Amino acid sequence: KKSLEDFTFKEGDSGSYSFTCMNTDTMAMFDSDGKVYNSVLNDFTKEGAPIGTLAQFQAKLEFAFPVNENNSYLMTQSSGFIFIVKGGNLLTKMKAGKEMVTLNGEGSKLFVPTALPNDVDKSNWKVAIITTDNKLVLFKLSEVSTIGKGAGVVTCALPNDTKIKAVKVITDDCVLIEATTPKGKKEKIIKVEGDFFNKILRKRSSAAKAIAVPTKDPESSIDFAVIVEEASETDK
């Protein structure tokens with residue numbers, strides 16, 4: 001498998017992130033104003049293409065990701081709003097893009113969407129959110145509305161100057177949290193489950209408060225843990 005390190009870039013350029021897709025997918029590109037643009041992945045070559053040739057962007061490009069009509073997508077913005085949109089609604093033939101996300105609050109940014117099967121049982125899936133003041137919010141995916149475009153619903157009560165910094169969809173009653181000290185040292189991974197998980201899990205509302213996750217160093221910042229499995233001999 002290739003990673004960003006396996007590719008060469010022009011001097012001064014570097015890779016930002018990568019994603020797995022099929023050549024039948026459509027690439028959805030979002031700008032900083034919440035508009036979505038499309039490009040056909042099958043038209044790409046291994047040399048890539050200048051972003052400016054793919055669409056008539058009206059604002060700065062924030063990110064790109066593959067979409068198809070068989071999925072829905074969880075759209076979250078840092079100011080605390082969230083909604084689900086069907087893949088077909090993210091498709092457009094307009095080079096100048098189409099309005100999709102209404103960004104609420106100064107400096108609100110859109111997170112890269114999370115793909116969900118169209119037939120997902122939302123009552124068994126949960127949304128986990130970490131705020132910039134290092135607290136955790138949990139609520140059921142069934143509390144998130146499916147709409148065509150807009151801002152969505154409020155996830156929780158965010159104090160002044162606090163925003164969402166990470167969002168994750170989970171299927172188990174457990175979430176792994178990684179804490180990092182102010183000096184950059186990684187603490188032991190924290191497993192939020194059982195009674196503590198149920199204490200945090202609550203109805204989504206503008207009054208719902210985030211809960212602090214106990215860390216060894218009270219000044220540590222938290223994020224979702226990324227577990228990388230070691231490759232087997234056949235994968236190497």
# chains A, B, ... in the order shown; residues from 1 in each chain; ligands from 1
>>> select_by_dssp(residues="segment 52-215 of chain A", states="strand (DSSP E)", output="ChimeraX atom specification")
/A:61-67,71-76,81-86,98-99,114-117,126-131,135-140,153-154,164-170,174-180,190-193,211-212
>>> closest_atom_pairs(of="segment 7-105 of chain A", to="segment 111-125 of chain A", cutoff="6 Å", atoms="only C-alpha atoms", output="JSON lines")
{"residue": "A:Asn71", "atom": "CA", "partner": "A:Pro117", "partner_atom": "CA", "distance": 4.7}
{"residue": "A:Ser72", "atom": "CA", "partner": "A:Leu116", "partner_atom": "CA", "distance": 5.0}
{"residue": "A:Tyr73", "atom": "CA", "partner": "A:Ala115", "partner_atom": "CA", "distance": 4.6}
{"residue": "A:Leu74", "atom": "CA", "partner": "A:Thr114", "partner_atom": "CA", "distance": 5.1}
{"residue": "A:Met75", "atom": "CA", "partner": "A:Pro113", "partner_atom": "CA", "distance": 5.1}
{"residue": "A:Thr76", "atom": "CA", "partner": "A:Phe111", "partner_atom": "CA", "distance": 5.7}
{"residue": "A:Gln77", "atom": "CA", "partner": "A:Phe111", "partner_atom": "CA", "distance": 5.8}
>>> write_last_selection(atoms="N, CA and C atoms", output="JSON list (two decimals), in the first residue's frame")
[["chain", "number", "residue", "atom", "x", "y", "z"],
["A", 71, "ASN", "N", -24.26, 6.22, -0.13],
["A", 71, "ASN", "CA", -23.95, 6.63, 1.23],
["A", 71, "ASN", "C", -24.66, 7.92, 1.61],
["A", 72, "SER", "N", -24.75, 8.13, 2.91],
["A", 72, "SER", "CA", -25.10, 9.44, 3.47],
["A", 72, "SER", "C", -23.86, 9.96, 4.16],
["A", 73, "TYR", "N", -23.86, 11.25, 4.54],
["A", 73, "TYR", "CA", -22.64, 11.83, 5.10],
["A", 73, "TYR", "C", -22.99, 12.73, 6.29],
["A", 74, "LEU", "N", -22.21, 12.55, 7.37],
["A", 74, "LEU", "CA", -22.38, 13.36, 8.56],
["A", 74, "LEU", "C", -21.58, 14.63, 8.41],
["A", 75, "MET", "N", -22.27, 15.78, 8.41],
["A", 75, "MET", "CA", -21.62, 17.07, 8.22],
["A", 75, "MET", "C", -21.58, 17.79, 9.58],
["A", 76, "THR", "N", -20.38, 18.11, 10.03],
["A", 76, "THR", "CA", -20.20, 18.75, 11.33],
["A", 76, "THR", "C", -19.37, 20.01, 11.17],
["A", 77, "GLN", "N", -19.75, 21.06, 11.85],
["A", 77, "GLN", "CA", -18.93, 22.28, 11.84],
["A", 77, "GLN", "C", -18.46, 22.61, 13.24]]
>>> closest_residue(among="A:Asn198, A:Thr102, A:Thr181, A:Gln56", to="Ala151 of chain A", atoms="only C-alpha atoms")
A:Thr102
>>> closest_residue(among="A:Thr171, A:Ser206, A:Thr24, A:Thr180", to="Ile222 of chain A", atoms="only C-alpha atoms")
A:Thr180
>>> closest_residue(among="A:Gly184, A:Thr215, A:Val144, A:Phe139", to="Lys199 of chain A", atoms="only C-alpha atoms")
A:Phe139
>>> residues_around(residues="Val153 of chain A", least_positions_apart="3", cutoff="12 Å", atoms="only C-alpha atoms", output="JSON, numbers by chain")
{"A": [74, 75, 76, 77, 79, 80, 81, 82, 83, 84, 101, 102, 103, 104, 141, 143, 144, 145, 146, 147, 149, 150, 156, 157, 204, 205, 206]}
>>> residues_around(residues="Glu193 of chain A", least_positions_apart="3", cutoff="10 Å", atoms="only C-alpha atoms", output="PDB file with N, CA, C and O atoms, in the first residue's frame")
ATOM      1  N   ASP A 172     -19.862   0.913  18.895  1.00  0.00           N
ATOM      2  CA  ASP A 172     -19.828   0.226  20.187  1.00  0.00           C
ATOM      3  C   ASP A 172     -20.019   1.229  21.326  1.00  0.00           C
ATOM      4  O   ASP A 172     -19.836   2.430  21.143  1.00  0.00           O
ATOM      5  N   ASP A 173     -20.361   0.717  22.506  1.00  0.00           N
ATOM      6  CA  ASP A 173     -20.501   1.583  23.681  1.00  0.00           C
ATOM      7  C   ASP A 173     -19.130   1.773  24.332  1.00  0.00           C
ATOM      8  O   ASP A 173     -18.917   1.493  25.524  1.00  0.00           O
ATOM      9  N   CYS A 174     -18.205   2.261  23.524  1.00  0.00           N
ATOM     10  CA  CYS A 174     -16.833   2.447  23.983  1.00  0.00           C
ATOM     11  C   CYS A 174     -16.135   3.411  23.028  1.00  0.00           C
ATOM     12  O   CYS A 174     -16.372   3.385  21.815  1.00  0.00           O
ATOM     13  N   VAL A 175     -15.293   4.275  23.570  1.00  0.00           N
ATOM     14  CA  VAL A 175     -14.506   5.177  22.734  1.00  0.00           C
ATOM     15  C   VAL A 175     -13.115   5.303  23.351  1.00  0.00           C
ATOM     16  O   VAL A 175     -12.972   5.384  24.574  1.00  0.00           O
ATOM     17  N   LEU A 176     -12.082   5.252  22.504  1.00  0.00           N
ATOM     18  CA  LEU A 176     -10.700   5.340  22.970  1.00  0.00           C
ATOM     19  C   LEU A 176     -10.192   6.771  22.840  1.00  0.00           C
ATOM     20  O   LEU A 176     -10.299   7.383  21.782  1.00  0.00           O
ATOM     21  N   ILE A 190      -6.955   6.088  27.114  1.00  0.00           N
ATOM     22  CA  ILE A 190      -8.079   5.997  28.048  1.00  0.00           C
ATOM     23  C   ILE A 190      -9.261   5.337  27.336  1.00  0.00           C
ATOM     24  O   ILE A 190      -9.662   5.764  26.247  1.00  0.00           O
ATOM     25  N   PHE A 196     -19.105   5.098  32.993  1.00  0.00           N
ATOM     26  CA  PHE A 196     -18.630   6.437  32.597  1.00  0.00           C
ATOM     27  C   PHE A 196     -19.147   6.791  31.204  1.00  0.00           C
ATOM     28  O   PHE A 196     -19.546   7.930  30.947  1.00  0.00           O
ATOM     29  N   PHE A 197     -19.166   5.815  30.298  1.00  0.00           N
ATOM     30  CA  PHE A 197     -19.708   6.025  28.956  1.00  0.00           C
ATOM     31  C   PHE A 197     -21.181   6.425  29.064  1.00  0.00           C
ATOM     32  O   PHE A 197     -21.626   7.388  28.427  1.00  0.00           O
ATOM     33  N   ASN A 198     -21.941   5.687  29.870  1.00  0.00           N
ATOM     34  CA  ASN A 198     -23.375   5.960  30.013  1.00  0.00           C
ATOM     35  C   ASN A 198     -23.636   7.296  30.693  1.00  0.00           C
ATOM     36  O   ASN A 198     -24.662   7.938  30.453  1.00  0.00           O
ATOM     37  N   LYS A 199     -22.702   7.735  31.551  1.00  0.00           N
ATOM     38  CA  LYS A 199     -22.831   9.034  32.202  1.00  0.00           C
ATOM     39  C   LYS A 199     -22.706  10.164  31.179  1.00  0.00           C
ATOM     40  O   LYS A 199     -23.412  11.182  31.268  1.00  0.00           O
ATOM     41  N   ILE A 200     -21.811   9.984  30.204  1.00  0.00           N
ATOM     42  CA  ILE A 200     -21.587  11.016  29.194  1.00  0.00           C
ATOM     43  C   ILE A 200     -22.674  10.984  28.119  1.00  0.00           C
ATOM     44  O   ILE A 200     -23.083  12.025  27.597  1.00  0.00           O
TER      45      ILE A 200
END
>>> residues_around(residues="Met27 of chain A", least_positions_apart="5", cutoff="9 Å", atoms="only C-alpha atoms", output="list in words")
Tyr37, Asn38, Ser39, Val40, Leu41, Ala64, Phe65, Pro66, Val67, Asn68 and Leu91 of chain A
>>> write_last_selection(atoms="N, CA, C and O atoms", output="tab-separated table (two decimals), in the first residue's frame")
chain	number	residue	atom	x	y	z
A	37	TYR	N	-18.45	21.53	-4.65
A	37	TYR	CA	-18.14	21.43	-6.08
A	37	TYR	C	-17.82	19.97	-6.37
A	37	TYR	O	-17.44	19.22	-5.48
A	38	ASN	N	-17.97	19.57	-7.63
A	38	ASN	CA	-17.70	18.18	-8.01
A	38	ASN	C	-16.66	18.06	-9.11
A	38	ASN	O	-16.48	18.98	-9.91
A	39	SER	N	-15.99	16.93	-9.10
A	39	SER	CA	-15.09	16.57	-10.18
A	39	SER	C	-15.13	15.05	-10.32
A	39	SER	O	-15.26	14.34	-9.32
A	40	VAL	N	-15.03	14.56	-11.55
A	40	VAL	CA	-15.10	13.11	-11.79
A	40	VAL	C	-13.73	12.49	-11.56
A	40	VAL	O	-12.75	12.85	-12.21
A	41	LEU	N	-13.65	11.54	-10.64
A	41	LEU	CA	-12.37	10.92	-10.30
A	41	LEU	C	-11.79	10.13	-11.46
A	41	LEU	O	-10.57	10.01	-11.60
A	64	ALA	N	-11.29	17.90	0.12
A	64	ALA	CA	-11.98	17.12	-0.90
A	64	ALA	C	-12.13	15.69	-0.38
A	64	ALA	O	-11.30	15.21	0.40
A	65	PHE	N	-13.20	15.02	-0.79
A	65	PHE	CA	-13.39	13.62	-0.38
A	65	PHE	C	-14.33	12.95	-1.38
A	65	PHE	O	-15.11	13.61	-2.07
A	66	PRO	N	-14.28	11.60	-1.50
A	66	PRO	CA	-15.12	10.91	-2.48
A	66	PRO	C	-16.54	10.69	-1.96
A	66	PRO	O	-16.73	10.39	-0.78
A	67	VAL	N	-17.53	10.83	-2.83
A	67	VAL	CA	-18.92	10.58	-2.45
A	67	VAL	C	-19.59	9.71	-3.50
A	67	VAL	O	-19.18	9.66	-4.66
A	68	ASN	N	-20.64	9.00	-3.08
A	68	ASN	CA	-21.49	8.29	-4.03
A	68	ASN	C	-22.90	8.23	-3.46
A	68	ASN	O	-23.13	8.50	-2.28
A	91	LEU	N	-24.02	15.97	-5.06
A	91	LEU	CA	-23.64	15.95	-6.47
A	91	LEU	C	-24.18	17.18	-7.18
A	91	LEU	O	-25.32	17.60	-6.95
>>> select_by_dssp(residues="segment 83-236 of chain A", states="alpha helix (DSSP H)", output="ChimeraX atom specification")
/A:194-200
>>> write_last_selection(atoms="C-alpha atoms", output="compact mmCIF listing (two decimals), in the first residue's frame")
# COMPACT_ATOMS: atom_id res chain seq x y z
CA GLY A 194 -19.37 1.16 31.07
CA ASP A 195 -20.85 3.52 33.66
CA PHE A 196 -18.63 6.44 32.60
CA PHE A 197 -19.71 6.02 28.96
CA ASN A 198 -23.38 5.96 30.01
CA LYS A 199 -22.83 9.03 32.20
CA ILE A 200 -21.59 11.02 29.19
>>> atom_distance(atom1="atom CA of Asn89 of chain A", atom2="atom CA of Ala28 of chain A")
10.8 Å
>>> residues_around(residues="Ser220 of chain A", least_positions_apart="4", cutoff="10 Å", atoms="only C-alpha atoms", output="PyMOL selection string")
chain A and resi 134+178-187+214-216
>>> write_last_selection(atoms="C-alpha atoms", output="mmCIF file, in the first residue's frame")
data_model
loop_
_atom_site.group_PDB
_atom_site.id
_atom_site.type_symbol
_atom_site.label_atom_id
_atom_site.label_comp_id
_atom_site.auth_asym_id
_atom_site.auth_seq_id
_atom_site.Cartn_x
_atom_site.Cartn_y
_atom_site.Cartn_z
ATOM 1 C CA ASN A 134 -10.785 18.883 26.180
ATOM 2 C CA GLU A 178 -5.491 9.625 23.760
ATOM 3 C CA ALA A 179 -4.081 12.325 26.039
ATOM 4 C CA THR A 180 -0.997 14.421 25.286
ATOM 5 C CA THR A 181 0.824 16.463 27.933
ATOM 6 C CA PRO A 182 1.805 20.103 27.283
ATOM 7 C CA LYS A 183 5.355 18.813 26.620
ATOM 8 C CA GLY A 184 4.091 16.483 23.897
ATOM 9 C CA LYS A 185 4.331 13.241 25.863
ATOM 10 C CA LYS A 186 1.639 10.646 25.111
ATOM 11 C CA GLU A 187 -0.242 9.286 28.106
ATOM 12 C CA PRO A 214 -9.781 12.394 33.650
ATOM 13 C CA THR A 215 -6.134 12.480 32.545
ATOM 14 C CA LYS A 216 -2.924 11.899 34.494
#
